[in-house]
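Shown next: target_24.pdb, containing PDB, C-alpha atoms.
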ATOM      1  CA  MET A   1       0.000   0.000   0.000
ATOM      2  CA  ASP A   2       1.388   3.421  -0.876
ATOM      3  CA  VAL A   3       1.562   6.314   1.564
ATOM      4  CA  ALA A   4      -1.212   8.382  -0.040
ATOM      5  CA  SER A   5      -3.895   5.705   0.345
ATOM      6  CA  ALA A   6      -2.672   4.840   3.854
ATOM      7  CA  LYS A   7      -3.126   8.522   4.724
ATOM      8  CA  LEU A   8      -6.723   8.512   3.510
ATOM      9  CA  ILE A   9      -7.535   5.316   5.422
ATOM     10  CA  GLY A  10      -5.913   6.755   8.551
ATOM     11  CA  ALA A  11      -7.932   9.966   8.292
ATOM     12  CA  GLY A  12     -11.119   7.939   7.870
ATOM     13  CA  LEU A  13     -10.290   5.869  10.944
ATOM     14  CA  ALA A  14      -9.608   9.042  12.925
ATOM     15  CA  ALA A  15     -13.074  10.305  12.026
ATOM     16  CA  ILE A  16     -14.615   7.394  13.996
ATOM     17  CA  GLY A  17     -13.716   9.359  17.131
ATOM     18  CA  THR A  18     -16.253  12.054  16.299
ATOM     19  CA  GLY A  19     -18.971   9.409  16.440
ATOM     20  CA  ALA A  20     -17.799   8.393  19.906
ATOM     21  CA  ALA A  21     -18.024  12.040  20.960
ATOM     22  CA  ALA A  22     -21.593  12.101  19.604
ATOM     23  CA  ILE A  23     -22.441   9.285  22.050
ATOM     24  CA  GLY A  24     -20.870  11.321  24.866
ATOM     25  CA  VAL A  25     -22.717  14.532  24.032
ATOM     26  CA  GLY A  26     -25.991  12.657  23.696
ATOM     27  CA  PHE A  27     -25.394  11.027  27.063
ATOM     28  CA  VAL A  28     -24.768  14.411  28.727
ATOM     29  CA  PHE A  29     -27.937  16.001  27.371
ATOM     30  CA  GLY A  30     -30.016  12.857  27.792
ATOM     31  CA  GLN A  31     -29.093  12.456  31.432
ATOM     32  CA  PHE A  32     -29.714  16.147  32.038
ATOM     33  CA  LEU A  33     -33.172  15.958  30.487
ATOM     34  CA  ASN A  34     -33.892  12.766  32.405
ATOM     35  CA  SER A  35     -33.176  14.353  35.761
ATOM     36  CA  ALA A  36     -34.573  17.774  34.798
ATOM     37  CA  LEU A  37     -37.971  16.181  34.200
ATOM     38  CA  ARG A  38     -37.839  14.544  37.629
ATOM     39  CA  ASN A  39     -37.014  17.811  39.373
ATOM     40  CA  PRO A  40     -37.720  20.774  37.070
ATOM     41  CA  ALA A  41     -37.223  23.290  39.869
ATOM     42  CA  ALA A  42     -33.538  22.424  40.226
ATOM     43  CA  ALA A  43     -32.844  22.215  36.489
ATOM     44  CA  ASP A  44     -32.083  25.891  35.824
ATOM     45  CA  GLY A  45     -29.373  26.001  38.461
ATOM     46  CA  GLN A  46     -27.462  23.176  36.781
ATOM     47  CA  GLN A  47     -27.230  24.655  33.285
ATOM     48  CA  GLY A  48     -23.642  25.750  33.828
ATOM     49  CA  ARG A  49     -22.649  22.178  34.642
ATOM     50  CA  LEU A  50     -24.652  20.928  31.663
ATOM     51  CA  PHE A  51     -22.689  23.082  29.238
ATOM     52  CA  LEU A  52     -19.422  22.301  31.013
ATOM     53  CA  GLY A  53     -20.045  18.587  30.522
ATOM     54  CA  PHE A  54     -21.078  19.202  26.935
ATOM     55  CA  ALA A  55     -17.908  21.209  26.262
ATOM     56  CA  LEU A  56     -15.641  18.552  27.765
ATOM     57  CA  ALA A  57     -17.310  15.704  25.858
ATOM     58  CA  GLU A  58     -17.329  17.635  22.605
ATOM     59  CA  LEU A  59     -13.664  18.603  22.881
ATOM     60  CA  LEU A  60     -12.553  14.978  22.583
ATOM     61  CA  GLY A  61     -14.511  14.556  19.362
ATOM     62  CA  LEU A  62     -12.952  17.730  18.003
ATOM     63  CA  MET A  63      -9.539  16.275  18.859
ATOM     64  CA  ALA A  64     -10.334  13.325  16.583
ATOM     65  CA  PHE A  65     -11.267  15.771  13.830
ATOM     66  CA  THR A  66      -7.991  17.635  14.371
ATOM     67  CA  VAL A  67      -6.049  14.369  14.085
ATOM     68  CA  ALA A  68      -7.816  13.606  10.799
ATOM     69  CA  LEU A  69      -6.927  17.072   9.482
ATOM     70  CA  LEU A  70      -3.316  16.710  10.608
ATOM     71  CA  ILE A  71      -3.014  13.370   8.795
ATOM     72  CA  LEU A  72      -4.537  14.792   5.628
ATOM     73  CA  PHE A  73      -2.836  18.157   5.376
ATOM     74  CA  VAL A  74       0.313  18.223   7.497
ATOM     75  CA  PHE A  75       2.157  14.992   6.715
TER      76      PHE A  75
ATOM     77  CA  MET B   6     -18.759  24.295 -13.312
ATOM     78  CA  ALA B   7     -17.712  20.880 -12.045
ATOM     79  CA  GLY B   8     -14.638  22.193 -10.235
ATOM     80  CA  LYS B   9     -12.603  20.339  -7.699
ATOM     81  CA  ILE B  10     -13.988  20.685  -4.180
ATOM     82  CA  ASP B  11     -11.514  22.795  -2.196
ATOM     83  CA  PRO B  12     -12.986  23.403   1.259
ATOM     84  CA  MET B  13      -9.760  24.787   2.741
ATOM     85  CA  HIS B  14      -9.550  27.717   0.318
ATOM     86  CA  GLN B  15     -11.971  29.809   2.407
ATOM     87  CA  PHE B  16      -9.465  29.951   5.273
ATOM     88  CA  THR B  17      -6.620  31.583   3.305
ATOM     89  CA  VAL B  18      -5.414  34.837   4.798
ATOM     90  CA  GLU B  19      -5.011  37.379   2.004
ATOM     91  CA  THR B  20      -3.229  40.699   2.222
ATOM     92  CA  LEU B  21      -5.483  43.665   1.528
ATOM     93  CA  VAL B  22      -3.196  46.629   2.297
ATOM     94  CA  PRO B  23       0.528  45.688   2.261
ATOM     95  CA  LEU B  24       2.492  47.327   5.068
ATOM     96  CA  HIS B  25       6.017  46.481   6.188
ATOM     97  CA  VAL B  26       7.871  47.951   9.153
ATOM     98  CA  GLY B  27      11.508  46.891   9.152
ATOM     99  CA  GLN B  28      11.471  43.145   8.571
ATOM    100  CA  TYR B  29       8.014  42.702  10.090
ATOM    101  CA  ASP B  30       4.944  42.207   7.942
ATOM    102  CA  ILE B  31       2.042  44.100   9.559
ATOM    103  CA  SER B  32      -0.155  44.253   6.453
ATOM    104  CA  LEU B  33      -3.908  44.615   6.833
ATOM    105  CA  THR B  34      -5.215  41.135   5.983
ATOM    106  CA  ASN B  35      -8.780  39.987   5.424
ATOM    107  CA  SER B  36      -8.629  38.441   8.910
ATOM    108  CA  ALA B  37      -7.783  41.815  10.465
ATOM    109  CA  ALA B  38     -10.428  43.533   8.333
ATOM    110  CA  TRP B  39     -13.122  41.132   9.554
ATOM    111  CA  MET B  40     -12.045  41.645  13.155
ATOM    112  CA  LEU B  41     -12.339  45.404  12.641
ATOM    113  CA  ALA B  42     -15.808  44.824  11.164
ATOM    114  CA  THR B  43     -16.650  42.768  14.273
ATOM    115  CA  LEU B  44     -15.592  45.641  16.515
ATOM    116  CA  ALA B  45     -17.620  48.101  14.418
ATOM    117  CA  VAL B  46     -20.752  45.918  14.682
ATOM    118  CA  ILE B  47     -20.365  45.548  18.468
ATOM    119  CA  PHE B  48     -19.715  49.275  18.862
ATOM    120  CA  GLY B  49     -22.732  50.188  16.743
ATOM    121  CA  PHE B  50     -24.982  47.730  18.552
ATOM    122  CA  MET B  51     -23.958  49.012  21.981
ATOM    123  CA  ALA B  52     -23.999  52.721  21.033
ATOM    124  CA  MET B  53     -27.561  52.469  19.675
ATOM    125  CA  GLY B  54     -28.800  51.058  22.997
ATOM    126  CA  MET B  55     -26.911  53.199  25.505
ATOM    127  CA  LYS B  56     -29.166  56.267  25.405
ATOM    128  CA  ARG B  57     -30.304  55.512  28.988
ATOM    129  CA  GLN B  58     -33.971  56.174  28.346
ATOM    130  CA  LEU B  59     -36.214  55.775  31.372
ATOM    131  CA  VAL B  60     -38.631  53.675  29.321
ATOM    132  CA  PRO B  61     -36.336  51.463  27.210
ATOM    133  CA  GLY B  62     -37.066  51.010  23.527
ATOM    134  CA  ARG B  63     -36.574  47.757  21.633
ATOM    135  CA  TRP B  64     -32.892  48.333  20.963
ATOM    136  CA  GLN B  65     -32.124  49.252  24.537
ATOM    137  CA  MET B  66     -33.977  46.125  25.692
ATOM    138  CA  ALA B  67     -31.731  44.013  23.438
ATOM    139  CA  VAL B  68     -28.565  45.607  24.827
ATOM    140  CA  GLU B  69     -29.820  45.293  28.402
ATOM    141  CA  GLY B  70     -30.684  41.650  27.785
ATOM    142  CA  LEU B  71     -27.148  40.930  26.565
ATOM    143  CA  THR B  72     -25.395  42.744  29.401
ATOM    144  CA  GLY B  73     -27.792  41.236  31.954
ATOM    145  CA  PHE B  74     -27.097  37.749  30.594
ATOM    146  CA  ILE B  75     -23.334  38.089  31.057
ATOM    147  CA  ASP B  76     -23.846  39.794  34.427
ATOM    148  CA  ASP B  77     -25.879  36.792  35.609
ATOM    149  CA  LEU B  78     -23.323  34.335  34.221
ATOM    150  CA  VAL B  79     -20.479  35.979  36.126
ATOM    151  CA  LYS B  80     -22.531  36.426  39.306
ATOM    152  CA  VAL B  81     -23.627  32.778  39.388
ATOM    153  CA  ASN B  82     -20.183  31.341  38.609
ATOM    154  CA  ILE B  83     -17.800  33.634  40.495
ATOM    155  CA  GLY B  84     -19.980  35.269  43.131
ATOM    156  CA  PRO B  85     -20.039  38.899  44.238
ATOM    157  CA  GLU B  86     -16.264  39.256  43.887
ATOM    158  CA  GLY B  87     -16.483  38.549  40.179
ATOM    159  CA  LYS B  88     -18.200  41.815  39.372
ATOM    160  CA  LYS B  89     -14.977  43.487  38.253
ATOM    161  CA  PHE B  90     -14.418  40.752  35.655
ATOM    162  CA  THR B  91     -17.800  41.273  33.997
ATOM    163  CA  PRO B  92     -16.389  43.708  31.361
ATOM    164  CA  TYR B  93     -13.714  41.193  30.354
ATOM    165  CA  VAL B  94     -16.118  38.269  30.031
ATOM    166  CA  PHE B  95     -18.567  40.517  28.203
ATOM    167  CA  SER B  96     -15.945  41.634  25.647
ATOM    168  CA  LEU B  97     -14.860  38.044  25.138
ATOM    169  CA  PHE B  98     -18.423  36.789  24.622
ATOM    170  CA  THR B  99     -19.551  39.546  22.268
ATOM    171  CA  PHE B 100     -16.349  39.431  20.207
ATOM    172  CA  ILE B 101     -16.511  35.669  19.671
ATOM    173  CA  LEU B 102     -20.264  35.699  19.047
ATOM    174  CA  VAL B 103     -20.184  38.511  16.476
ATOM    175  CA  ALA B 104     -17.024  37.192  14.769
ATOM    176  CA  ASN B 105     -18.667  33.761  14.438
ATOM    177  CA  LEU B 106     -21.910  35.197  13.088
ATOM    178  CA  LEU B 107     -20.202  37.539  10.602
ATOM    179  CA  GLY B 108     -18.397  34.526   9.160
ATOM    180  CA  LEU B 109     -21.767  32.979   8.258
ATOM    181  CA  LEU B 110     -22.978  35.967   6.209
ATOM    182  CA  PRO B 111     -23.946  34.879   2.667
ATOM    183  CA  LEU B 112     -21.571  37.420   1.123
ATOM    184  CA  ALA B 113     -20.416  35.040  -1.605
ATOM    185  CA  ILE B 114     -23.383  36.052  -3.788
ATOM    186  CA  VAL B 115     -21.298  39.141  -4.603
ATOM    187  CA  PRO B 116     -18.715  37.792  -7.089
ATOM    188  CA  GLY B 117     -15.186  37.839  -5.724
ATOM    189  CA  TRP B 118     -16.271  38.314  -2.130
ATOM    190  CA  HIS B 119     -16.411  35.727   0.589
ATOM    191  CA  PRO B 120     -16.873  36.040   4.327
ATOM    192  CA  PHE B 121     -13.955  35.197   6.579
ATOM    193  CA  THR B 122     -14.349  33.784  10.086
ATOM    194  CA  SER B 123     -11.479  35.172  12.120
ATOM    195  CA  THR B 124     -12.293  32.715  14.946
ATOM    196  CA  SER B 125     -11.598  29.765  12.616
ATOM    197  CA  HIS B 126      -7.870  30.390  12.975
ATOM    198  CA  PHE B 127      -5.864  28.964  15.824
ATOM    199  CA  SER B 128      -3.757  32.128  16.085
ATOM    200  CA  ILE B 129      -6.837  34.211  16.997
ATOM    201  CA  THR B 130      -8.507  31.742  19.364
ATOM    202  CA  GLY B 131      -5.104  30.904  20.857
ATOM    203  CA  LEU B 132      -4.548  34.552  21.642
ATOM    204  CA  LEU B 133      -7.971  34.806  23.321
ATOM    205  CA  ALA B 134      -7.220  31.670  25.358
ATOM    206  CA  ILE B 135      -3.795  33.003  26.398
ATOM    207  CA  LEU B 136      -5.471  36.250  27.523
ATOM    208  CA  SER B 137      -7.908  34.295  29.712
ATOM    209  CA  PHE B 138      -5.234  31.964  31.062
ATOM    210  CA  SER B 139      -2.810  34.763  31.955
ATOM    211  CA  LEU B 140      -5.633  36.675  33.631
ATOM    212  CA  VAL B 141      -6.312  33.577  35.766
ATOM    213  CA  LEU B 142      -2.603  33.278  36.660
ATOM    214  CA  ILE B 143      -2.219  36.988  37.470
ATOM    215  CA  VAL B 144      -5.376  37.144  39.591
ATOM    216  CA  GLY B 145      -4.491  33.890  41.363
ATOM    217  CA  PHE B 146      -0.955  34.888  42.318
ATOM    218  CA  TRP B 147      -2.027  38.469  43.102
ATOM    219  CA  ARG B 148      -4.686  37.418  45.587
ATOM    220  CA  HIS B 149      -3.172  34.292  47.112
ATOM    221  CA  GLY B 150       0.572  34.479  46.489
ATOM    222  CA  LEU B 151       2.218  31.076  46.597
ATOM    223  CA  HIS B 152      -0.883  29.740  48.335
ATOM    224  CA  PHE B 153      -2.355  29.627  44.829
ATOM    225  CA  PHE B 154      -0.601  26.261  44.360
ATOM    226  CA  SER B 155      -3.126  24.704  46.757
ATOM    227  CA  LEU B 156      -5.359  24.701  43.673
ATOM    228  CA  PHE B 157      -3.616  21.447  42.771
ATOM    229  CA  VAL B 158      -4.717  19.732  45.990
ATOM    230  CA  PRO B 159      -8.488  19.153  46.078
ATOM    231  CA  HIS B 160     -10.126  19.285  49.510
ATOM    232  CA  GLY B 161     -10.264  16.043  51.441
ATOM    233  CA  THR B 162      -7.715  14.139  49.364
ATOM    234  CA  PRO B 163      -6.080  11.360  51.433
ATOM    235  CA  ILE B 164      -2.328  11.844  51.869
ATOM    236  CA  TYR B 165      -1.387   8.598  50.124
ATOM    237  CA  MET B 166      -3.312   9.696  47.001
ATOM    238  CA  LEU B 167      -1.429  12.991  46.656
ATOM    239  CA  PRO B 168       1.464  11.724  44.434
ATOM    240  CA  LEU B 169      -1.187  10.580  41.963
ATOM    241  CA  ILE B 170      -3.618  13.506  42.200
ATOM    242  CA  ILE B 171      -1.173  16.409  42.019
ATOM    243  CA  PRO B 172       0.356  15.547  38.593
ATOM    244  CA  ILE B 173      -3.140  14.983  37.190
ATOM    245  CA  GLU B 174      -4.327  18.355  38.500
ATOM    246  CA  ILE B 175      -1.223  20.109  37.145
ATOM    247  CA  VAL B 176      -1.669  18.593  33.688
ATOM    248  CA  SER B 177      -5.380  19.428  33.628
ATOM    249  CA  PHE B 178      -4.523  23.003  34.640
ATOM    250  CA  LEU B 179      -1.852  23.418  31.964
ATOM    251  CA  VAL B 180      -4.055  21.960  29.227
ATOM    252  CA  ARG B 181      -6.760  24.597  29.799
ATOM    253  CA  PRO B 182      -5.569  27.242  27.306
ATOM    254  CA  PHE B 183      -5.144  24.612  24.570
ATOM    255  CA  SER B 184      -8.574  23.126  25.144
ATOM    256  CA  LEU B 185     -10.182  26.591  25.179
ATOM    257  CA  ALA B 186      -8.527  27.620  21.917
ATOM    258  CA  LEU B 187      -8.860  24.267  20.171
ATOM    259  CA  ARG B 188     -12.578  23.914  20.904
ATOM    260  CA  LEU B 189     -13.564  27.238  19.372
ATOM    261  CA  PHE B 190     -11.237  26.973  16.374
ATOM    262  CA  VAL B 191     -12.151  23.401  15.432
ATOM    263  CA  ALA B 192     -15.873  23.959  15.949
ATOM    264  CA  MET B 193     -15.898  26.941  13.592
ATOM    265  CA  MET B 194     -13.571  25.336  11.071
ATOM    266  CA  SER B 195     -15.370  21.988  10.843
ATOM    267  CA  GLY B 196     -18.749  23.703  10.427
ATOM    268  CA  HIS B 197     -17.452  25.819   7.565
ATOM    269  CA  ILE B 198     -15.803  22.829   5.849
ATOM    270  CA  LEU B 199     -19.063  20.882   6.127
ATOM    271  CA  MET B 200     -21.088  23.715   4.596
ATOM    272  CA  ASP B 201     -18.516  24.210   1.831
ATOM    273  CA  VAL B 202     -18.475  20.507   0.893
ATOM    274  CA  PHE B 203     -22.258  20.234   0.710
ATOM    275  CA  GLY B 204     -22.469  23.563  -1.102
ATOM    276  CA  SER B 205     -20.118  22.120  -3.720
ATOM    277  CA  PHE B 206     -22.399  19.091  -4.076
ATOM    278  CA  ILE B 207     -25.225  21.476  -4.977
ATOM    279  CA  ALA B 208     -23.110  23.562  -7.351
ATOM    280  CA  ASN B 209     -21.715  20.482  -9.122
ATOM    281  CA  TYR B 210     -25.042  18.622  -9.503
ATOM    282  CA  ALA B 211     -24.840  18.711 -13.323
ATOM    283  CA  SER B 212     -21.779  16.436 -13.412
ATOM    284  CA  GLY B 213     -23.745  13.504 -11.970
ATOM    285  CA  GLY B 214     -26.695  13.278 -14.367
ATOM    286  CA  LEU B 215     -30.063  12.369 -12.852
ATOM    287  CA  ALA B 216     -28.506  10.916  -9.682
ATOM    288  CA  GLY B 217     -26.481  14.101  -9.322
ATOM    289  CA  PHE B 218     -29.712  16.103  -9.418
ATOM    290  CA  GLY B 219     -31.134  14.008  -6.565
ATOM    291  CA  VAL B 220     -27.917  14.430  -4.570
ATOM    292  CA  GLY B 221     -28.110  18.183  -5.185
ATOM    293  CA  ILE B 222     -31.683  18.414  -3.872
ATOM    294  CA  LEU B 223     -30.838  16.285  -0.811
ATOM    295  CA  SER B 224     -27.721  18.372  -0.097
ATOM    296  CA  PHE B 225     -29.780  21.550  -0.357
ATOM    297  CA  VAL B 226     -32.313  20.345   2.227
ATOM    298  CA  PHE B 227     -29.499  19.099   4.448
ATOM    299  CA  LEU B 228     -27.630  22.389   4.122
ATOM    300  CA  ILE B 229     -30.622  24.373   5.387
ATOM    301  CA  GLY B 230     -30.572  22.260   8.551
ATOM    302  CA  VAL B 231     -26.805  22.550   8.898
ATOM    303  CA  GLY B 232     -27.070  26.324   8.479
ATOM    304  CA  ALA B 233     -29.511  26.517  11.384
ATOM    305  CA  LEU B 234     -27.264  24.240  13.440
ATOM    306  CA  GLU B 235     -24.267  26.464  12.666
ATOM    307  CA  LEU B 236     -26.116  29.501  14.058
ATOM    308  CA  LEU B 237     -26.677  27.500  17.251
ATOM    309  CA  VAL B 238     -23.027  26.390  17.377
ATOM    310  CA  CYS B 239     -21.854  30.009  16.949
ATOM    311  CA  ALA B 240     -23.801  31.121  20.009
ATOM    312  CA  LEU B 241     -22.995  27.950  21.973
ATOM    313  CA  GLN B 242     -19.231  28.164  21.447
ATOM    314  CA  ALA B 243     -19.184  31.833  22.464
ATOM    315  CA  TYR B 244     -21.203  30.907  25.577
ATOM    316  CA  VAL B 245     -18.940  27.961  26.423
ATOM    317  CA  PHE B 246     -15.815  30.121  26.067
ATOM    318  CA  ALA B 247     -17.266  32.780  28.389
ATOM    319  CA  LEU B 248     -18.533  30.125  30.831
ATOM    320  CA  LEU B 249     -15.202  28.305  31.047
ATOM    321  CA  THR B 250     -13.320  31.585  31.458
ATOM    322  CA  SER B 251     -15.537  32.547  34.378
ATOM    323  CA  LEU B 252     -15.184  29.069  35.918
ATOM    324  CA  TYR B 253     -11.387  29.302  35.713
ATOM    325  CA  LEU B 254     -11.513  32.799  37.212
ATOM    326  CA  ASN B 255     -13.651  31.360  40.000
ATOM    327  CA  ASP B 256     -10.895  28.807  40.704
ATOM    328  CA  ALA B 257      -8.315  31.598  40.871
ATOM    329  CA  ILE B 258     -10.429  33.820  43.151
ATOM    330  CA  ASN B 259     -12.047  31.323  45.503
ATOM    331  CA  LEU B 260      -9.479  28.447  45.339
ATOM    332  CA  HIS B 261     -11.952  25.530  45.166
TER     333      HIS B 261
END
Translate this structure into structure tokens?
Amino acid sequence: MDVASAKLIGAGLAAIGTGAAAIGVGFVFGQFLNSALRNPAAADGQQGRLFLGFALAELLGLMAFTVALLILFVF
Amino acid sequence: MAGKIDPMHQFTVETLVPLHVGQYDISLTNSAAWMLATLAVIFGFMAMGMKRQLVPGRWQMAVEGLTGFIDDLVKVNIGPEGKKFTPYVFSLFTFILVANLLGLLPLAIVPGWHPFTSTSHFSITGLLAILSFSLVLIVGFWRHGLHFFSLFVPHGTPIYMLPLIIPIEIVSFLVRPFSLALRLFVAMMSGHILMDVFGSFIANYASGGLAGFGVGILSFVFLIGVGALELLVCALQAYVFALLTSLYLNDAINLH
């Protein structure tokens, strides 16, 4: 296999990580909604933590995207 | 029209007004021009709503809503001592929000023009993150002196866990500016690449015959949804940046 096609396969594999981050983000919002419906009065106070969790989960998916871009355009 | 899809072209920094001082290149680029446009939009928006009428009009309500939103954010996350950081968090939030939104303007219908998102470059978001991080360091050492290092020891950690916890806390502290900058830059960049790729599918529909026409229609419908999502992401990333900055400032002021 030549380097160019190995690069494309590697970038495609790196993109799997964004799907894993999608699971994480969905889990964060799903759990928030789950508990917010049980206790709506306390939900508004936890929005900061909701977006913090979202940001942390999303960052890891963006890292996978960055790795894919690095493979494609830097090497 | 079936050109090669080149989604990275939109991020090229072009020189508009060449200017050299000594060996340094300080030309006005399209990135700088769009940042100046961002400042002009923010300035105009604020100036229109700062007439201090007793009965606020629509514009003043919008400005008061924005300032009140950031005021609440800082008050909830830092507490009463955070009031003096409200202007900083406000500038950060409005700059990122307006720069993101200006990058989505459909300016490309004017031939030869295209919008430029200054926040889709790591140099810009990195600078914003370094500003926030150095503010945290300065405030932390100013208020607590060397006691600031107790940030690395969470309350109630057993002694025998300390050799494990302290390196983890130090690494997670040092990674903060990178994660701040990387999140904003990659979120803006990936959204723009996605829109460019699907826009090219629409523009190149003729090369695919009947199937190409179907792909074009599907891409068009999809792109409307992605456009709406991008508006949400613009606001969300600006909010997350402001929120994380205020959380880090809270760490520096109240030390856990």
- Message: Around the point (-6.1, 41.4, 35.9) (coordinates from the file), which residues reach within 12 Å if we count only C-alpha atoms? Answer as JSON, numbers by chain.
- Response: {"B": [87, 89, 90, 91, 92, 93, 136, 137, 138, 139, 140, 141, 142, 143, 144, 145, 146, 147, 148, 254, 257, 258]}
Proximity check chain A to chain B, 9 Å, nearest pairs one decimal Å, all atoms listed in the file, as a Markdown table:
| residue | atom | partner | partner_atom | distance |
| --- | --- | --- | --- | --- |
| A:Gly45 | CA | B:Val81 | CA | 8.9 |
| A:Gly48 | CA | B:Leu248 | CA | 7.4 |
| A:Phe51 | CA | B:Val245 | CA | 6.8 |
| A:Leu52 | CA | B:Val245 | CA | 7.3 |
| A:Ala55 | CA | B:Val245 | CA | 6.8 |
| A:Leu56 | CA | B:Ser184 | CA | 8.8 |
| A:Glu58 | CA | B:Arg188 | CA | 8.1 |
| A:Leu59 | CA | B:Arg188 | CA | 5.8 |
| A:Leu62 | CA | B:Val191 | CA | 6.3 |
| A:Met63 | CA | B:Leu187 | CA | 8.1 |
| A:Phe65 | CA | B:Val191 | CA | 7.8 |
| A:Thr66 | CA | B:Val191 | CA | 7.2 |
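Here CA of Phe203 (chain B) and CA of Ser224 (chain B) stand 5.8 Å from one another.
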- Task: Given the file shown, determine the residues that the PyMOL selection byres ((chain A and resi 29) around 12) selects; report them as a ChimeraX atom specification.
- Result: /A:22-28,30-36,46-47,49-55,57-58
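With CA of Ala42 (chain B) on one side and CA of Lys88 (chain B) on the other, the separation reads 28.5 Å.
Across the structure, CA of Leu167 (chain B) and CA of Tyr253 (chain B) are spaced 22.0 Å apart.
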- Item | Test item: which residues lie within 7 Å of (-11.5, 36.9, 8.0) counting only C-alpha atoms, as a PyMOL selection string | chain B and resi 35-39+120-123
Enclose all atoms of region 111-125 of chain B listed in the file in an axis-aligned box, grow every side by 4 Å, and hand back centre and edge lengths in Å to one decimal, as JSON.
{"center_x": -17.7, "center_y": 34.5, "center_z": 3.9, "size_x": 20.5, "size_y": 17.4, "size_z": 30.0}
- Could you write out as a list in words the residues that the PyMOL selection byres ((chain A and resi 8) around 12) matches in the shown file? Met1, Asp2, Val3, Ala4, Ser5, Ala6, Lys7, Ile9, Gly10, Ala11, Gly12, Leu13, Ala14, Ala15, Ala68, Leu69, Leu70, Ile71, Leu72, Phe73 and Phe75 of chain A
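Proximity to Glu69 (chain B) at 10 Å, evaluated using only C-alpha atoms and with sequence-adjacent residues fewer than 6 positions away removed, yields Met51, Gly54, Met55, Pro61 and Arg63 of chain B.
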Using the partial input, fill out region 240-252 of chain B with N, CA and C atoms; write the result as a CSV table (one decimal), in the frame of the given file.
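out26.csv was written with the following content:
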chain,number,residue,atom,x,y,z
B,240,ALA,N,-23.4,30.6,18.7
B,240,ALA,CA,-23.8,31.1,20.0
B,240,ALA,C,-23.3,30.2,21.1
B,241,LEU,N,-23.4,28.9,20.9
B,241,LEU,CA,-23.0,28.0,22.0
B,241,LEU,C,-21.5,28.0,22.3
B,242,GLN,N,-20.7,28.1,21.2
B,242,GLN,CA,-19.2,28.2,21.4
B,242,GLN,C,-18.8,29.5,22.2
B,243,ALA,N,-19.5,30.6,21.8
B,243,ALA,CA,-19.2,31.8,22.5
B,243,ALA,C,-19.6,31.7,23.9
B,244,TYR,N,-20.7,31.1,24.2
B,244,TYR,CA,-21.2,30.9,25.6
B,244,TYR,C,-20.3,30.0,26.4
B,245,VAL,N,-19.8,28.9,25.7
B,245,VAL,CA,-18.9,28.0,26.4
B,245,VAL,C,-17.6,28.6,26.8
B,246,PHE,N,-17.1,29.4,25.8
B,246,PHE,CA,-15.8,30.1,26.1
B,246,PHE,C,-16.0,31.1,27.3
B,247,ALA,N,-17.1,31.8,27.3
B,247,ALA,CA,-17.3,32.8,28.4
B,247,ALA,C,-17.5,32.0,29.7
B,248,LEU,N,-18.2,30.9,29.6
B,248,LEU,CA,-18.5,30.1,30.8
B,248,LEU,C,-17.3,29.5,31.4
B,249,LEU,N,-16.4,28.9,30.6
B,249,LEU,CA,-15.2,28.3,31.0
B,249,LEU,C,-14.3,29.4,31.6
B,250,THR,N,-14.2,30.5,30.9
B,250,THR,CA,-13.3,31.6,31.5
B,250,THR,C,-13.8,32.0,32.9
B,251,SER,N,-15.1,32.1,33.1
B,251,SER,CA,-15.5,32.5,34.4
B,251,SER,C,-15.3,31.4,35.4
B,252,LEU,N,-15.4,30.2,35.0
B,252,LEU,CA,-15.2,29.1,35.9
B,252,LEU,C,-13.7,29.1,36.3
